[in-house]
>>> print(open('data00.cif').read())   # mmCIF, C-alpha atoms
data_structure
loop_
_atom_site.label_atom_id
_atom_site.label_comp_id
_atom_site.auth_asym_id
_atom_site.auth_seq_id
_atom_site.Cartn_x
_atom_site.Cartn_y
_atom_site.Cartn_z
CA MET A 1 0.00 0.00 0.00
CA ILE A 2 1.08 3.63 -0.49
CA ARG A 3 3.27 4.73 2.39
CA LYS A 4 1.67 6.73 5.17
CA LEU A 5 3.34 10.13 5.40
CA TYR A 6 2.05 10.61 8.92
CA VAL A 7 -0.39 8.77 11.10
CA GLY A 8 -2.61 11.65 12.16
CA VAL A 9 -3.96 12.31 8.70
CA ALA A 10 -4.54 8.64 8.00
CA VAL A 11 -6.45 8.28 11.26
CA PHE A 12 -8.47 11.38 10.45
CA PHE A 13 -9.64 10.09 7.12
CA VAL A 14 -10.71 6.77 8.56
CA ALA A 15 -13.55 8.86 10.00
CA ILE A 16 -13.29 8.17 13.72
CA ALA A 17 -16.55 9.24 15.34
CA VAL A 18 -15.50 12.49 17.00
CA ALA A 19 -17.94 15.37 16.98
CA VAL A 20 -17.04 18.33 14.75
CA VAL A 21 -16.45 21.45 16.80
CA GLY A 22 -17.25 24.83 15.28
CA ASP A 23 -18.74 25.86 11.95
CA ALA A 24 -17.82 23.31 9.27
CA GLY A 25 -18.89 25.86 6.61
CA TYR A 26 -16.63 25.53 3.58
CA LEU A 27 -15.56 22.03 4.56
CA ALA A 28 -19.17 20.82 4.42
CA LYS A 29 -19.56 22.47 1.01
CA PHE A 30 -16.45 20.69 -0.27
CA VAL A 31 -17.75 17.31 0.95
CA LYS A 32 -21.16 17.91 -0.63
CA ALA A 33 -19.68 19.06 -3.93
CA LEU A 34 -17.32 16.10 -4.20
CA ASN A 35 -19.84 13.51 -3.04
CA SER A 36 -22.48 14.72 -5.52
CA ALA A 37 -20.06 14.79 -8.46
CA PRO A 38 -20.93 12.25 -11.23
CA GLY A 39 -17.24 11.38 -11.59
CA LEU A 40 -13.76 12.60 -10.74
CA ASP A 41 -10.61 12.93 -12.84
CA VAL A 42 -7.88 14.93 -11.08
CA THR A 43 -4.17 15.41 -11.62
CA TYR A 44 -2.04 17.07 -8.97
CA THR A 45 1.42 17.44 -7.51
CA LEU A 46 2.46 16.74 -3.95
CA ILE A 47 5.67 18.07 -2.46
CA GLU A 48 7.15 18.05 1.00
CA VAL A 49 8.61 21.51 1.61
CA GLY A 50 12.32 21.08 1.00
CA GLY A 51 11.77 17.71 -0.68
CA VAL A 52 10.95 16.07 -4.01
CA GLN A 53 7.75 16.72 -5.94
CA GLY A 54 5.55 13.83 -7.09
CA GLU A 55 2.86 13.66 -9.79
CA TYR A 56 -0.51 12.00 -9.18
CA HIS A 57 -3.50 11.12 -11.36
CA VAL A 58 -6.74 9.91 -9.76
CA VAL A 59 -9.87 8.80 -11.62
CA LEU A 60 -12.96 7.67 -9.68
CA ALA A 61 -16.39 6.39 -10.70
CA LYS A 62 -19.28 5.30 -8.52
CA PRO A 63 -19.90 2.90 -7.01
CA ASP A 64 -16.51 1.15 -6.89
CA LYS A 65 -14.07 1.98 -9.67
CA ALA A 66 -10.72 3.72 -9.42
CA MET A 67 -7.52 4.36 -11.33
CA ILE A 68 -4.79 5.80 -9.11
CA ASP A 69 -1.41 6.61 -10.65
CA THR A 70 1.27 7.62 -8.12
CA PRO A 71 5.03 8.13 -8.59
CA THR A 72 5.72 4.56 -7.49
CA THR A 73 2.53 2.55 -8.01
CA LEU A 74 -0.48 2.19 -10.30
CA TYR A 75 -3.76 0.92 -8.82
CA VAL A 76 -6.67 -0.12 -11.03
CA ALA A 77 -9.98 -1.23 -9.48
CA ASP A 78 -12.54 -2.25 -12.10
CA GLY A 79 -15.29 -3.34 -9.70
CA LYS A 80 -14.24 -7.00 -9.77
CA ASN A 81 -10.46 -7.06 -9.58
CA LEU A 82 -7.83 -4.84 -8.00
CA THR A 83 -4.57 -4.69 -9.94
CA VAL A 84 -1.43 -3.18 -8.40
CA LEU A 85 1.61 -2.37 -10.55
CA HIS A 86 4.93 -1.64 -8.81
CA LYS A 87 6.72 0.55 -11.31
CA ALA A 88 10.34 0.20 -10.21
CA LYS A 89 10.17 -3.61 -10.26
CA ASN A 90 7.78 -3.73 -13.26
CA THR A 91 5.73 -6.38 -11.49
CA TYR A 92 2.00 -6.50 -10.82
CA ILE A 93 -0.55 -8.47 -8.87
CA VAL A 94 -4.24 -9.11 -9.50
CA ARG A 95 -6.61 -9.81 -6.62
CA GLU A 96 -10.33 -9.93 -6.06
CA GLN A 97 -11.58 -6.45 -5.26
CA THR A 98 -13.03 -6.45 -1.76
CA ALA A 99 -14.82 -3.55 -0.10
CA ALA A 100 -12.05 -3.29 2.51
CA ALA A 101 -9.26 -3.25 -0.07
CA PHE A 102 -11.08 -0.64 -2.16
CA LYS A 103 -11.60 1.61 0.85
CA ASP A 104 -7.97 1.28 1.77
CA LEU A 105 -6.91 2.68 -1.60
CA LEU A 106 -7.87 6.16 -0.43
CA SER A 107 -6.64 5.89 3.15
CA ASP A 108 -3.27 7.48 2.47
CA GLU A 109 -2.64 11.17 3.12
CA THR A 110 -1.75 11.75 -0.52
CA LEU A 111 -5.14 10.42 -1.68
CA SER A 112 -7.55 10.79 1.21
CA LEU A 113 -8.89 14.16 0.11
CA TRP A 114 -10.90 12.27 -2.50
CA ARG A 115 -12.62 9.85 -0.13
CA ALA A 116 -15.64 12.13 0.13
CA PHE A 117 -16.43 11.23 -3.49
CA PHE A 118 -17.59 7.83 -2.21
CA ASP A 119 -18.17 8.57 1.47
CA PRO A 120 -20.03 11.69 2.69
CA SER A 121 -18.84 10.95 6.25
CA ALA A 122 -15.15 11.01 5.29
CA PHE A 123 -14.54 14.23 7.23
CA ASP A 124 -16.63 13.40 10.29
CA GLY A 125 -13.54 12.86 12.42
CA VAL A 126 -12.34 16.47 12.42
CA GLU A 127 -11.45 17.79 15.88
CA SER A 128 -12.29 21.38 14.90
CA THR A 129 -12.60 23.61 11.83
CA LYS A 130 -12.09 27.26 11.04
CA ASN A 131 -13.34 29.21 8.05
CA GLU A 132 -10.54 31.58 7.01
CA GLY A 133 -12.33 33.76 4.47
CA SER A 134 -11.42 34.30 0.82
CA ARG A 135 -8.31 34.98 -1.26
CA THR A 136 -7.59 35.56 -4.90
CA ARG A 137 -4.88 33.40 -6.45
CA ARG A 138 -3.99 33.31 -10.15
CA GLY A 139 -7.07 35.36 -10.91
CA GLU A 140 -9.41 32.93 -9.16
CA LYS A 141 -11.21 33.66 -5.93
CA ARG A 142 -10.81 30.87 -3.37
CA THR A 143 -12.33 30.17 0.02
CA ILE A 144 -10.13 28.80 2.77
CA VAL A 145 -10.92 26.32 5.54
CA SER A 146 -8.53 24.81 8.07
CA ALA A 147 -9.11 21.73 10.20
CA GLN A 148 -7.41 20.45 13.34
CA LEU A 149 -7.15 16.69 12.96
CA ASP A 150 -6.27 15.60 16.49
CA SER A 151 -6.91 16.82 20.01
CA TYR A 152 -3.17 17.24 20.70
CA GLY A 153 -2.68 19.86 18.00
CA ARG A 154 -0.07 17.88 16.10
CA TYR A 155 -1.80 17.46 12.74
CA ALA A 156 -3.73 20.02 10.70
CA ILE A 157 -4.85 20.67 7.14
CA ARG A 158 -5.81 23.76 5.16
CA LEU A 159 -7.95 23.55 2.02
CA HIS A 160 -8.11 26.19 -0.73
CA LEU A 161 -11.47 25.75 -2.48
CA GLY A 162 -12.87 27.20 -5.68
CA GLU A 163 -15.50 29.77 -4.65
CA GLU A 164 -17.99 28.71 -7.31
CA ASP A 165 -17.72 24.90 -7.15
CA SER A 166 -16.23 24.37 -3.63
CA LEU A 167 -13.72 21.84 -4.99
CA VAL A 168 -10.14 21.81 -3.77
CA ARG A 169 -7.44 23.69 -5.68
CA GLN A 170 -4.70 23.35 -3.12
CA ALA A 171 -4.20 21.65 0.25
CA GLU A 172 -1.55 22.01 2.92
CA PHE A 173 -0.82 19.27 5.44
CA PHE A 174 0.97 20.22 8.68
CA ASP A 175 2.73 17.78 11.01
CA THR A 176 4.34 19.11 14.20
CA SER A 177 4.60 15.78 16.03
CA GLY A 178 8.34 15.39 15.48
CA SER A 179 11.35 17.49 16.39
CA THR A 180 11.21 19.12 12.94
CA PRO A 181 7.82 20.35 11.66
CA ARG A 182 6.84 19.02 8.23
CA THR A 183 4.58 20.53 5.60
CA HIS A 184 3.25 18.90 2.44
CA ILE A 185 1.58 20.93 -0.30
CA LEU A 186 -0.90 19.43 -2.75
CA THR A 187 -1.60 21.50 -5.89
CA VAL A 188 -4.31 20.55 -8.36
CA LYS A 189 -3.30 20.87 -12.03
CA SER A 190 -6.59 19.77 -13.60
CA MET A 191 -9.94 18.45 -12.45
CA SER A 192 -13.09 17.16 -14.13
CA THR A 193 -16.28 15.88 -12.52
CA VAL A 194 -17.87 14.35 -15.62
CA PRO A 195 -18.28 10.53 -15.62
CA PRO A 196 -14.93 9.04 -16.72
CA ALA A 197 -14.58 6.73 -19.73
CA GLU A 198 -14.72 3.00 -18.94
CA HIS A 199 -11.40 2.28 -20.65
CA LEU A 200 -9.60 4.14 -17.85
CA PHE A 201 -10.40 1.23 -15.54
CA ALA A 202 -8.99 -1.43 -17.87
CA PHE A 203 -5.47 -2.40 -16.82
CA THR A 204 -2.89 -2.94 -19.54
CA ALA A 205 0.42 -4.36 -18.40
CA PRO A 206 3.48 -2.43 -19.58
CA PRO A 207 6.07 -4.21 -21.78
CA ASN A 208 7.94 -7.04 -19.99
CA ALA A 209 5.93 -6.60 -16.79
CA ARG A 210 5.76 -9.78 -14.70
CA LEU A 211 2.55 -11.01 -13.10
CA LEU A 212 3.25 -12.11 -9.54
CA SER A 213 1.53 -15.12 -8.04
CA GLU A 214 0.46 -15.33 -4.41
CA ARG A 215 3.52 -17.51 -3.81
CA ASP A 216 5.73 -14.79 -5.33
CA LEU A 217 4.26 -12.26 -2.92
CA ARG A 218 4.92 -14.54 0.01
CA ALA A 219 8.52 -15.00 -1.14
CA GLU A 220 9.03 -11.24 -1.39
CA ALA A 221 7.68 -10.75 2.12
CA ILE A 222 9.94 -13.48 3.53
CA ALA A 223 13.00 -12.19 1.68
CA ALA A 224 12.49 -8.84 3.36
CA MET A 225 12.72 -10.58 6.75
CA VAL A 226 15.99 -12.44 6.12
CA VAL A 227 19.30 -10.83 7.10
CA TYR A 228 22.89 -11.92 7.69
CA ALA A 229 24.47 -11.26 11.08
CA GLN A 230 27.18 -8.62 10.75
CA SER A 231 29.12 -9.43 13.91
CA GLU A 232 29.36 -11.91 16.77
CA GLY A 233 26.48 -11.85 19.23
CA GLU A 234 24.71 -13.47 22.15
CA LEU A 235 21.28 -15.05 22.54
CA GLY A 236 20.79 -15.60 26.23
CA LYS A 237 23.21 -18.44 27.03
CA SER A 238 24.05 -18.94 23.35
CA THR A 239 26.61 -17.21 21.15
CA TYR A 240 26.97 -17.04 17.37
CA LYS A 241 29.30 -15.78 14.67
CA PRO A 242 28.61 -14.11 11.34
CA VAL A 243 28.85 -16.30 8.24
CA GLN A 244 32.47 -16.78 7.23
CA PRO A 245 33.62 -16.43 3.59
CA GLU A 246 34.25 -20.15 3.20
CA ASN A 247 30.60 -20.88 4.06
CA MET A 248 28.93 -18.35 1.78
CA ASP A 249 27.84 -21.05 -0.69
CA LEU A 250 26.09 -22.91 2.13
CA ALA A 251 24.59 -19.61 3.26
CA ALA A 252 23.22 -18.95 -0.23
CA GLY A 253 21.58 -22.37 -0.27
CA PHE A 254 20.12 -21.90 3.20
CA TYR A 255 18.86 -18.44 2.21
CA LYS A 256 16.93 -19.91 -0.73
CA ALA A 257 15.61 -22.72 1.45
CA VAL A 258 14.34 -20.30 4.10
CA ILE A 259 12.44 -18.29 1.51
CA ALA A 260 11.04 -21.40 -0.20
CA GLU A 261 9.92 -23.07 3.02
CA PHE A 262 8.40 -20.03 4.72
CA SER A 263 6.65 -19.18 1.44
CA LYS A 264 4.57 -22.31 1.93
CA TYR A 265 2.67 -20.56 4.73
CA PRO A 266 -0.30 -18.34 3.83
CA ARG A 267 0.24 -14.65 4.49
CA ASP A 268 -2.41 -14.51 7.22
CA PHE A 269 -0.69 -17.36 9.07
CA MET A 270 2.69 -15.63 8.88
CA GLU A 271 1.20 -12.34 10.04
CA ALA A 272 -0.55 -14.04 12.96
CA SER A 273 2.67 -15.82 13.96
CA ASN A 274 4.26 -12.39 14.50
CA LEU A 275 7.70 -13.55 13.30
CA LYS A 276 9.69 -10.40 12.53
CA LYS A 277 13.14 -11.41 11.36
CA ILE A 278 15.21 -14.42 10.30
CA VAL A 279 18.95 -14.11 10.91
CA LEU A 280 21.55 -16.30 9.17
CA VAL A 281 24.68 -17.00 11.24
CA GLU A 282 27.06 -19.86 11.93
CA GLN A 283 28.49 -21.65 14.94
CA ILE A 284 25.62 -21.21 17.39
CA LEU A 285 26.95 -22.47 20.72
CA LYS A 286 25.16 -22.99 24.02
CA GLU A 287 27.46 -23.80 26.93
CA GLY A 288 30.00 -25.06 24.41
CA ARG A 289 27.54 -27.31 22.53
CA SER A 290 26.61 -26.66 18.91
CA ARG A 291 22.99 -25.82 18.12
CA PRO A 292 21.37 -25.66 14.67
CA ALA A 293 19.10 -22.77 15.54
CA ALA A 294 18.12 -20.40 18.33
CA PRO A 295 15.20 -18.03 18.94
CA ARG A 296 15.10 -14.54 20.37
CA VAL A 297 11.53 -14.76 21.61
CA SER A 298 11.30 -11.23 23.00
CA GLU A 299 12.05 -9.78 19.57
CA GLU A 300 10.23 -12.44 17.50
CA MET A 301 13.44 -13.47 15.71
CA LEU A 302 14.88 -16.81 14.60
CA TYR A 303 18.61 -17.52 14.12
CA PHE A 304 19.80 -20.37 11.89
CA ASP A 305 23.26 -21.90 11.45
CA VAL A 306 23.81 -21.94 7.66
CA THR A 307 26.32 -24.80 7.86
CA ARG A 308 23.38 -27.13 8.47
CA PHE A 309 22.66 -26.83 4.76
CA LYS A 310 25.28 -29.54 4.23
CA ASN A 311 22.15 -31.71 4.55
CA PRO A 312 19.48 -29.76 2.59
CA VAL A 313 16.55 -31.95 3.71
CA TYR A 314 17.59 -31.53 7.34
CA ALA A 315 17.92 -27.75 6.85
CA ARG A 316 14.49 -27.41 5.26
CA ASN A 317 12.95 -29.52 8.02
CA LEU A 318 14.77 -27.39 10.61
CA VAL A 319 13.08 -24.25 9.31
CA HIS A 320 9.62 -25.61 10.07
CA HIS A 321 10.64 -27.32 13.31
CA GLU A 322 12.05 -24.15 14.86
CA PHE A 323 9.22 -22.03 13.51
CA PHE A 324 6.73 -24.27 15.30
CA HIS A 325 8.45 -23.57 18.61
CA MET A 326 7.91 -19.86 17.91
CA ILE A 327 4.28 -20.59 17.03
CA ASP A 328 3.78 -22.35 20.38
CA GLU A 329 5.24 -19.33 22.15
CA GLU A 330 3.08 -16.88 20.19
CA TRP A 331 -0.26 -18.63 20.67
CA TYR A 332 0.24 -20.39 24.00
CA GLY A 333 2.74 -18.11 25.72
CA SER A 334 5.42 -20.79 26.02
CA GLN A 335 7.61 -22.91 23.75
CA THR A 336 7.12 -25.77 26.21
CA PHE A 337 3.34 -25.57 26.52
CA SER A 338 1.97 -28.69 28.27
CA ASP A 339 -1.03 -29.35 26.09
CA PRO A 340 -3.47 -31.73 27.84
CA LYS A 341 -5.30 -32.42 24.56
CA TRP A 342 -2.04 -33.62 23.06
CA THR A 343 -1.00 -35.85 25.97
CA ALA A 344 -4.43 -37.49 25.82
CA PHE A 345 -3.42 -39.05 22.49
CA ASN A 346 -0.66 -41.08 24.13
CA LEU A 347 -0.98 -44.42 25.89
CA SER A 348 -1.87 -43.92 29.55
CA ASP A 349 1.44 -45.22 30.91
CA PHE A 350 3.67 -43.01 28.71
CA LYS A 351 5.64 -40.08 30.12
CA TYR A 352 7.76 -37.69 28.10
CA GLY A 353 11.46 -37.25 28.88
CA SER A 354 13.24 -34.19 30.21
CA GLY A 355 13.30 -32.25 26.94
CA GLY A 356 15.09 -32.17 23.63
CA GLU A 357 18.46 -30.98 24.89
CA ALA A 358 18.54 -33.63 27.63
CA ALA A 359 17.70 -36.33 25.07
CA ILE A 360 20.51 -35.20 22.77
CA LEU A 361 23.02 -35.23 25.65
CA ALA A 362 21.89 -38.69 26.73
CA SER A 363 22.06 -40.11 23.22
CA GLY A 364 25.84 -40.36 23.25
CA GLY A 365 26.06 -38.93 19.76
CA GLN A 366 23.34 -41.14 18.29
CA SER A 367 21.05 -39.30 15.87
CA LEU A 368 17.48 -38.90 17.12
CA TRP A 369 16.32 -37.29 13.88
CA PRO A 370 15.27 -40.33 11.76
CA LEU A 371 11.55 -41.11 11.59
CA SER A 372 12.05 -44.62 12.95
CA HIS A 373 8.69 -45.22 14.70
CA PRO A 374 10.29 -46.46 17.94
CA GLN A 375 6.97 -47.25 19.67
CA PRO A 376 3.22 -46.69 19.22
CA GLY A 377 2.27 -43.00 19.11
CA PHE A 378 5.72 -41.68 18.22
CA ALA A 379 7.40 -41.05 14.88
CA SER A 380 10.98 -40.76 16.18
CA LYS A 381 13.03 -41.10 19.35
CA TYR A 382 13.24 -37.33 19.54
CA THR A 383 9.45 -36.98 19.69
CA MET A 384 9.49 -38.91 22.97
CA SER A 385 11.67 -36.30 24.70
CA ALA A 386 8.97 -33.62 25.19
CA ILE A 387 5.53 -32.52 24.02
CA GLU A 388 7.02 -29.55 22.17
CA GLU A 389 9.48 -31.76 20.27
CA ASP A 390 6.73 -34.27 19.45
CA LYS A 391 4.62 -31.50 17.95
CA ALA A 392 7.44 -29.69 16.18
CA THR A 393 8.79 -32.89 14.59
CA LEU A 394 5.42 -33.87 13.12
CA TRP A 395 4.67 -30.29 12.09
CA ALA A 396 7.93 -30.00 10.16
CA ALA A 397 7.43 -33.37 8.45
CA MET A 398 4.06 -32.18 7.14
CA PHE A 399 5.87 -29.55 5.02
CA VAL A 400 8.90 -31.47 3.69
CA PRO A 401 8.10 -34.05 0.97
CA GLU A 402 10.97 -36.39 1.84
CA ARG A 403 9.95 -36.47 5.50
CA TRP A 404 6.25 -36.66 4.71
CA ALA A 405 6.76 -39.79 2.60
CA LEU A 406 8.23 -41.53 5.66
CA LEU A 407 5.63 -40.14 8.06
CA LYS A 408 2.79 -41.38 5.86
CA LYS A 409 4.03 -44.94 6.27
CA ILE A 410 3.96 -44.54 10.05
CA ILE A 411 0.46 -43.01 9.96
CA ALA A 412 -0.75 -46.02 7.94
CA VAL A 413 0.03 -48.38 10.84
CA ASP A 414 -0.24 -46.04 13.84
CA PRO A 415 -3.60 -44.33 14.50
CA ILE A 416 -2.13 -42.27 17.36
CA VAL A 417 0.41 -40.57 15.10
CA GLY A 418 -2.36 -40.07 12.55
CA ALA A 419 -4.55 -38.41 15.17
CA LYS A 420 -1.69 -36.09 16.14
CA VAL A 421 -1.17 -35.03 12.53
CA ARG A 422 -4.89 -34.33 12.13
CA PHE A 423 -4.78 -32.27 15.34
CA LEU A 424 -1.93 -30.15 13.94
CA ARG A 425 -3.73 -29.65 10.64
CA GLU A 426 -6.86 -28.52 12.44
CA PHE A 427 -4.74 -26.11 14.48
CA ALA A 428 -3.30 -24.71 11.23
CA ARG A 429 -6.75 -24.38 9.66
CA SER A 430 -8.01 -22.51 12.74
CA LYS A 431 -5.33 -19.86 12.13
CA SER A 432 -5.65 -19.74 8.34
CA PRO A 433 -8.69 -21.17 6.50
CA GLU A 434 -6.48 -21.75 3.46
CA MET A 435 -4.57 -24.49 5.30
CA GLU A 436 -6.90 -27.39 4.56
CA GLY A 437 -7.68 -29.87 1.79
CA GLU A 438 -5.62 -29.24 -1.33
CA TYR A 439 -3.23 -26.99 0.59
CA TRP A 440 -1.50 -30.01 2.11
CA GLU A 441 -1.28 -31.75 -1.26
CA ILE A 442 0.49 -28.70 -2.67
CA VAL A 443 3.05 -28.19 0.11
CA VAL A 444 4.34 -31.76 -0.18
CA ALA A 445 3.70 -31.97 -3.95
CA GLU A 446 1.57 -35.12 -3.63
CA GLY A 447 -1.51 -36.59 -1.95
CA ASP A 448 -2.35 -35.50 1.57
CA GLY A 449 -2.12 -38.98 3.12
CA SER A 450 -5.08 -38.46 5.42
#
>>> encode(input="data00.cif", output="structure tokens")
Amino acid sequence: MIRKLYVGVAVFFVAIAVAVVGDAGYLAKFVKALNSAPGLDVTYTLIEVGGVQGEYHVVLAKPDKAMIDTPTTLYVADGKNLTVLHKAKNTYIVREQTAAAFKDLLSDETLSLWRAFFDPSAFDGVESTKNEGSRTRRGEKRTIVSAQLDSYGRYAIRLHLGEEDSLVRQAEFFDTSGSTPRTHILTVKSMSTVPPAEHLFAFTAPPNARLLSERDLRAEAIAAMVVYAQSEGELGKSTYKPVQPENMDLAAGFYKAVIAEFSKYPRDFMEASNLKKIVLVEQILKEGRSRPAAPRVSEEMLYFDVTRFKNPVYARNLVHHEFFHMIDEEWYGSQTFSDPKWTAFNLSDFKYGSGGEAAILASGGQSLWPLSHPQPGFASKYTMSAIEEDKATLWAAMFVPERWALLKKIIAVDPIVGAKVRFLREFARSKSPEMEGEYWEIVVAEGDGS
């Protein structure tokens, strides 16, 4: 979405129900004139005083069509689909046009003046208004109205309206919330209120533009979260080092794996998980023992040792395993949540061990990772160490085809493991409706095995 230049104006134009104080006068006339217009086609410039000027073109038609051309982005809403073209990247997306998405198009400060075209209550959130009389500019007489947007006096706007039609010719936005006051000036170059031609709402992709899929968008969002550590650091009792030159090839492979694996999650699931950043490092040590990954729960960050990409299947599985621990923390307040519904799946005489780390120490170097089905209800020896490791192991296997192929064989002969997998899938579906049915066939590139 278009960047918000400052919060106060955006909040104002969402029309919070605050009573208007004083005589709305010219402001009310502007709202009435714009809302009663058959159509709108306006071009204007916006400049931050002391900054760069941008050109805008906005075309609106009732009840739900818009073409919005900004310096960085083109939005086209044709009543059925919303198309967004990112100019610098020459990429575009096409989504179903929802009422919420259409409303959000005009929520930005650079565009929100035009919301009254669709919504007569767009200015109902003004804290106070003041009619400032008339002025003549460029041979045209204009009426002036100012509005205080918040009760703290930090955000204000002044509109210069044509005296005859009450439509805006210029607007000034004032922000005094920071240490340095900021002013933006909007100047209308041309405006028409006749119904716009239908072809203006037909999107035509520019030459060589690339249509992005939903998976592409997920990958872009994940890529923005991934960074390389720039120096040595600490994570509680753990330490790590930045990736060394000799391991950059492994780091590149792990980087691609992180993006590919996290891109399997729907956007709403990722947003709900609250994961903020993924940091690539090497040599994570806790009390002298090597660890493949480590969380920083307080900052919603995950750290991965890129050298684990020596085994790509293990590395891809690790991504989902560690992410599930973060999920447990986010939704249950603890990465070691003792889930009574989960323990009820197990045989009555079974008790988990003392945790994953204790199991690894006690193993004497033996790998606990293989899905070996050591006893009824458990897919691996590691799953018997703790509830959280049982869950995380099965969760990860549901997303990695090589692991899922092995887990399916266990499910076929073990109804307890099958019930646990169904429990995890229902948990996923409760957080994102997309995570059901065909979704699971897609993430493992074959049948769902249920």
>>> resolve_selection(input="data00.cif", expression="the PyMOL selection byres ((chain A and resi 384-388) around 10)", output="PyMOL selection string")
chain A and resi 321+324-325+328+334-340+342-343+350-360+368+374-375+377-383+389-393
>>> residues_around(input="data00.cif", residues="A:Arg95", least_positions_apart="2", cutoff="10 Å", atoms="all atoms listed in the file", output="PyMOL selection string")
chain A and resi 77+80-84+93+97-98+101+213-214
>>> closest_residue(input="data00.cif", among="A:Lys276, A:His184, A:His320, A:Arg308", to="A:Ile47", atoms="all atoms listed in the file")
A:His184
>>> resolve_selection(input="data00.cif", expression="the PyMOL selection byres ((chain A and resi 50) around 12)", output="ChimeraX atom specification")
/A:46-49,51-53,181-185
>>> residues_around(input="data00.cif", residues="stretch 158-166 of chain A", least_positions_apart="6", cutoff="9 Å", atoms="all atoms listed in the file", output="VMD selection string")
chain A and resid 26 to 27 29 to 34 134 to 135 140 to 148 172 to 174
>>> closest_residue(input="data00.cif", among="A:Val243, A:Val400, A:Ile259, A:Ile278", to="A:Glu300", atoms="all atoms listed in the file")
A:Ile278
>>> resolve_selection(input="data00.cif", expression="the PyMOL selection byres ((chain A and resi 241) around 8)", output="list in words")
Ala229, Ser231, Glu232, Gly233, Thr239, Tyr240, Pro242, Val243, Val281, Glu282, Gln283 and Ile284 of chain A
>>> atom_distance(input="data00.cif", atom1="atom CA of A:Ala405", atom2="atom CA of A:Ala315")
17.0 Å
>>> residues_around(input="data00.cif", residues="stretch 69-72 of chain A", least_positions_apart="4", cutoff="7 Å", atoms="only C-alpha atoms", output="ChimeraX atom specification")
/A:54-58,86-88
>>> write_last_selection(input="data00.cif", atoms="C-alpha atoms", output="mmCIF file, in the frame of the given file")
data_model
loop_
_atom_site.group_PDB
_atom_site.id
_atom_site.type_symbol
_atom_site.label_atom_id
_atom_site.label_comp_id
_atom_site.auth_asym_id
_atom_site.auth_seq_id
_atom_site.Cartn_x
_atom_site.Cartn_y
_atom_site.Cartn_z
ATOM 1 C CA GLY A 54 5.550 13.830 -7.090
ATOM 2 C CA GLU A 55 2.860 13.660 -9.790
ATOM 3 C CA TYR A 56 -0.510 12.000 -9.180
ATOM 4 C CA HIS A 57 -3.500 11.120 -11.360
ATOM 5 C CA VAL A 58 -6.740 9.910 -9.760
ATOM 6 C CA HIS A 86 4.930 -1.640 -8.810
ATOM 7 C CA LYS A 87 6.720 0.550 -11.310
ATOM 8 C CA ALA A 88 10.340 0.200 -10.210
#
>>> decode(input="data00.cif", residues="stretch 61-69 of chain A", atoms="N, CA, C and O atoms", output="PDB file, in the first residue's frame")
ATOM      1  N   ALA A  61     -15.013   6.520 -10.183  1.00  0.00           N
ATOM      2  CA  ALA A  61     -16.385   6.391 -10.695  1.00  0.00           C
ATOM      3  C   ALA A  61     -17.198   5.583  -9.707  1.00  0.00           C
ATOM      4  O   ALA A  61     -16.716   4.579  -9.162  1.00  0.00           O
ATOM      5  N   LYS A  62     -18.402   6.017  -9.448  1.00  0.00           N
ATOM      6  CA  LYS A  62     -19.284   5.305  -8.520  1.00  0.00           C
ATOM      7  C   LYS A  62     -19.868   4.073  -9.208  1.00  0.00           C
ATOM      8  O   LYS A  62     -20.089   4.092 -10.417  1.00  0.00           O
ATOM      9  N   PRO A  63     -20.054   2.963  -8.468  1.00  0.00           N
ATOM     10  CA  PRO A  63     -19.904   2.900  -7.006  1.00  0.00           C
ATOM     11  C   PRO A  63     -18.524   2.428  -6.523  1.00  0.00           C
ATOM     12  O   PRO A  63     -18.180   2.630  -5.381  1.00  0.00           O
ATOM     13  N   ASP A  64     -17.713   1.815  -7.417  1.00  0.00           N
ATOM     14  CA  ASP A  64     -16.514   1.153  -6.888  1.00  0.00           C
ATOM     15  C   ASP A  64     -15.397   1.005  -7.917  1.00  0.00           C
ATOM     16  O   ASP A  64     -14.767  -0.053  -8.015  1.00  0.00           O
ATOM     17  N   LYS A  65     -15.149   2.046  -8.689  1.00  0.00           N
ATOM     18  CA  LYS A  65     -14.072   1.977  -9.672  1.00  0.00           C
ATOM     19  C   LYS A  65     -13.053   3.078  -9.417  1.00  0.00           C
ATOM     20  O   LYS A  65     -13.412   4.191  -9.023  1.00  0.00           O
ATOM     21  N   ALA A  66     -11.782   2.734  -9.656  1.00  0.00           N
ATOM     22  CA  ALA A  66     -10.723   3.715  -9.415  1.00  0.00           C
ATOM     23  C   ALA A  66      -9.503   3.394 -10.267  1.00  0.00           C
ATOM     24  O   ALA A  66      -9.178   2.227 -10.509  1.00  0.00           O
ATOM     25  N   MET A  67      -8.840   4.451 -10.720  1.00  0.00           N
ATOM     26  CA  MET A  67      -7.519   4.357 -11.330  1.00  0.00           C
ATOM     27  C   MET A  67      -6.656   5.387 -10.616  1.00  0.00           C
ATOM     28  O   MET A  67      -6.945   6.582 -10.645  1.00  0.00           O
ATOM     29  N   ILE A  68      -5.630   4.925  -9.924  1.00  0.00           N
ATOM     30  CA  ILE A  68      -4.792   5.803  -9.107  1.00  0.00           C
ATOM     31  C   ILE A  68      -3.348   5.615  -9.542  1.00  0.00           C
ATOM     32  O   ILE A  68      -2.761   4.545  -9.352  1.00  0.00           O
ATOM     33  N   ASP A  69      -2.774   6.652 -10.131  1.00  0.00           N
ATOM     34  CA  ASP A  69      -1.413   6.605 -10.650  1.00  0.00           C
ATOM     35  C   ASP A  69      -0.528   7.503  -9.791  1.00  0.00           C
ATOM     36  O   ASP A  69      -0.680   8.726  -9.790  1.00  0.00           O
TER      37      ASP A  69
END
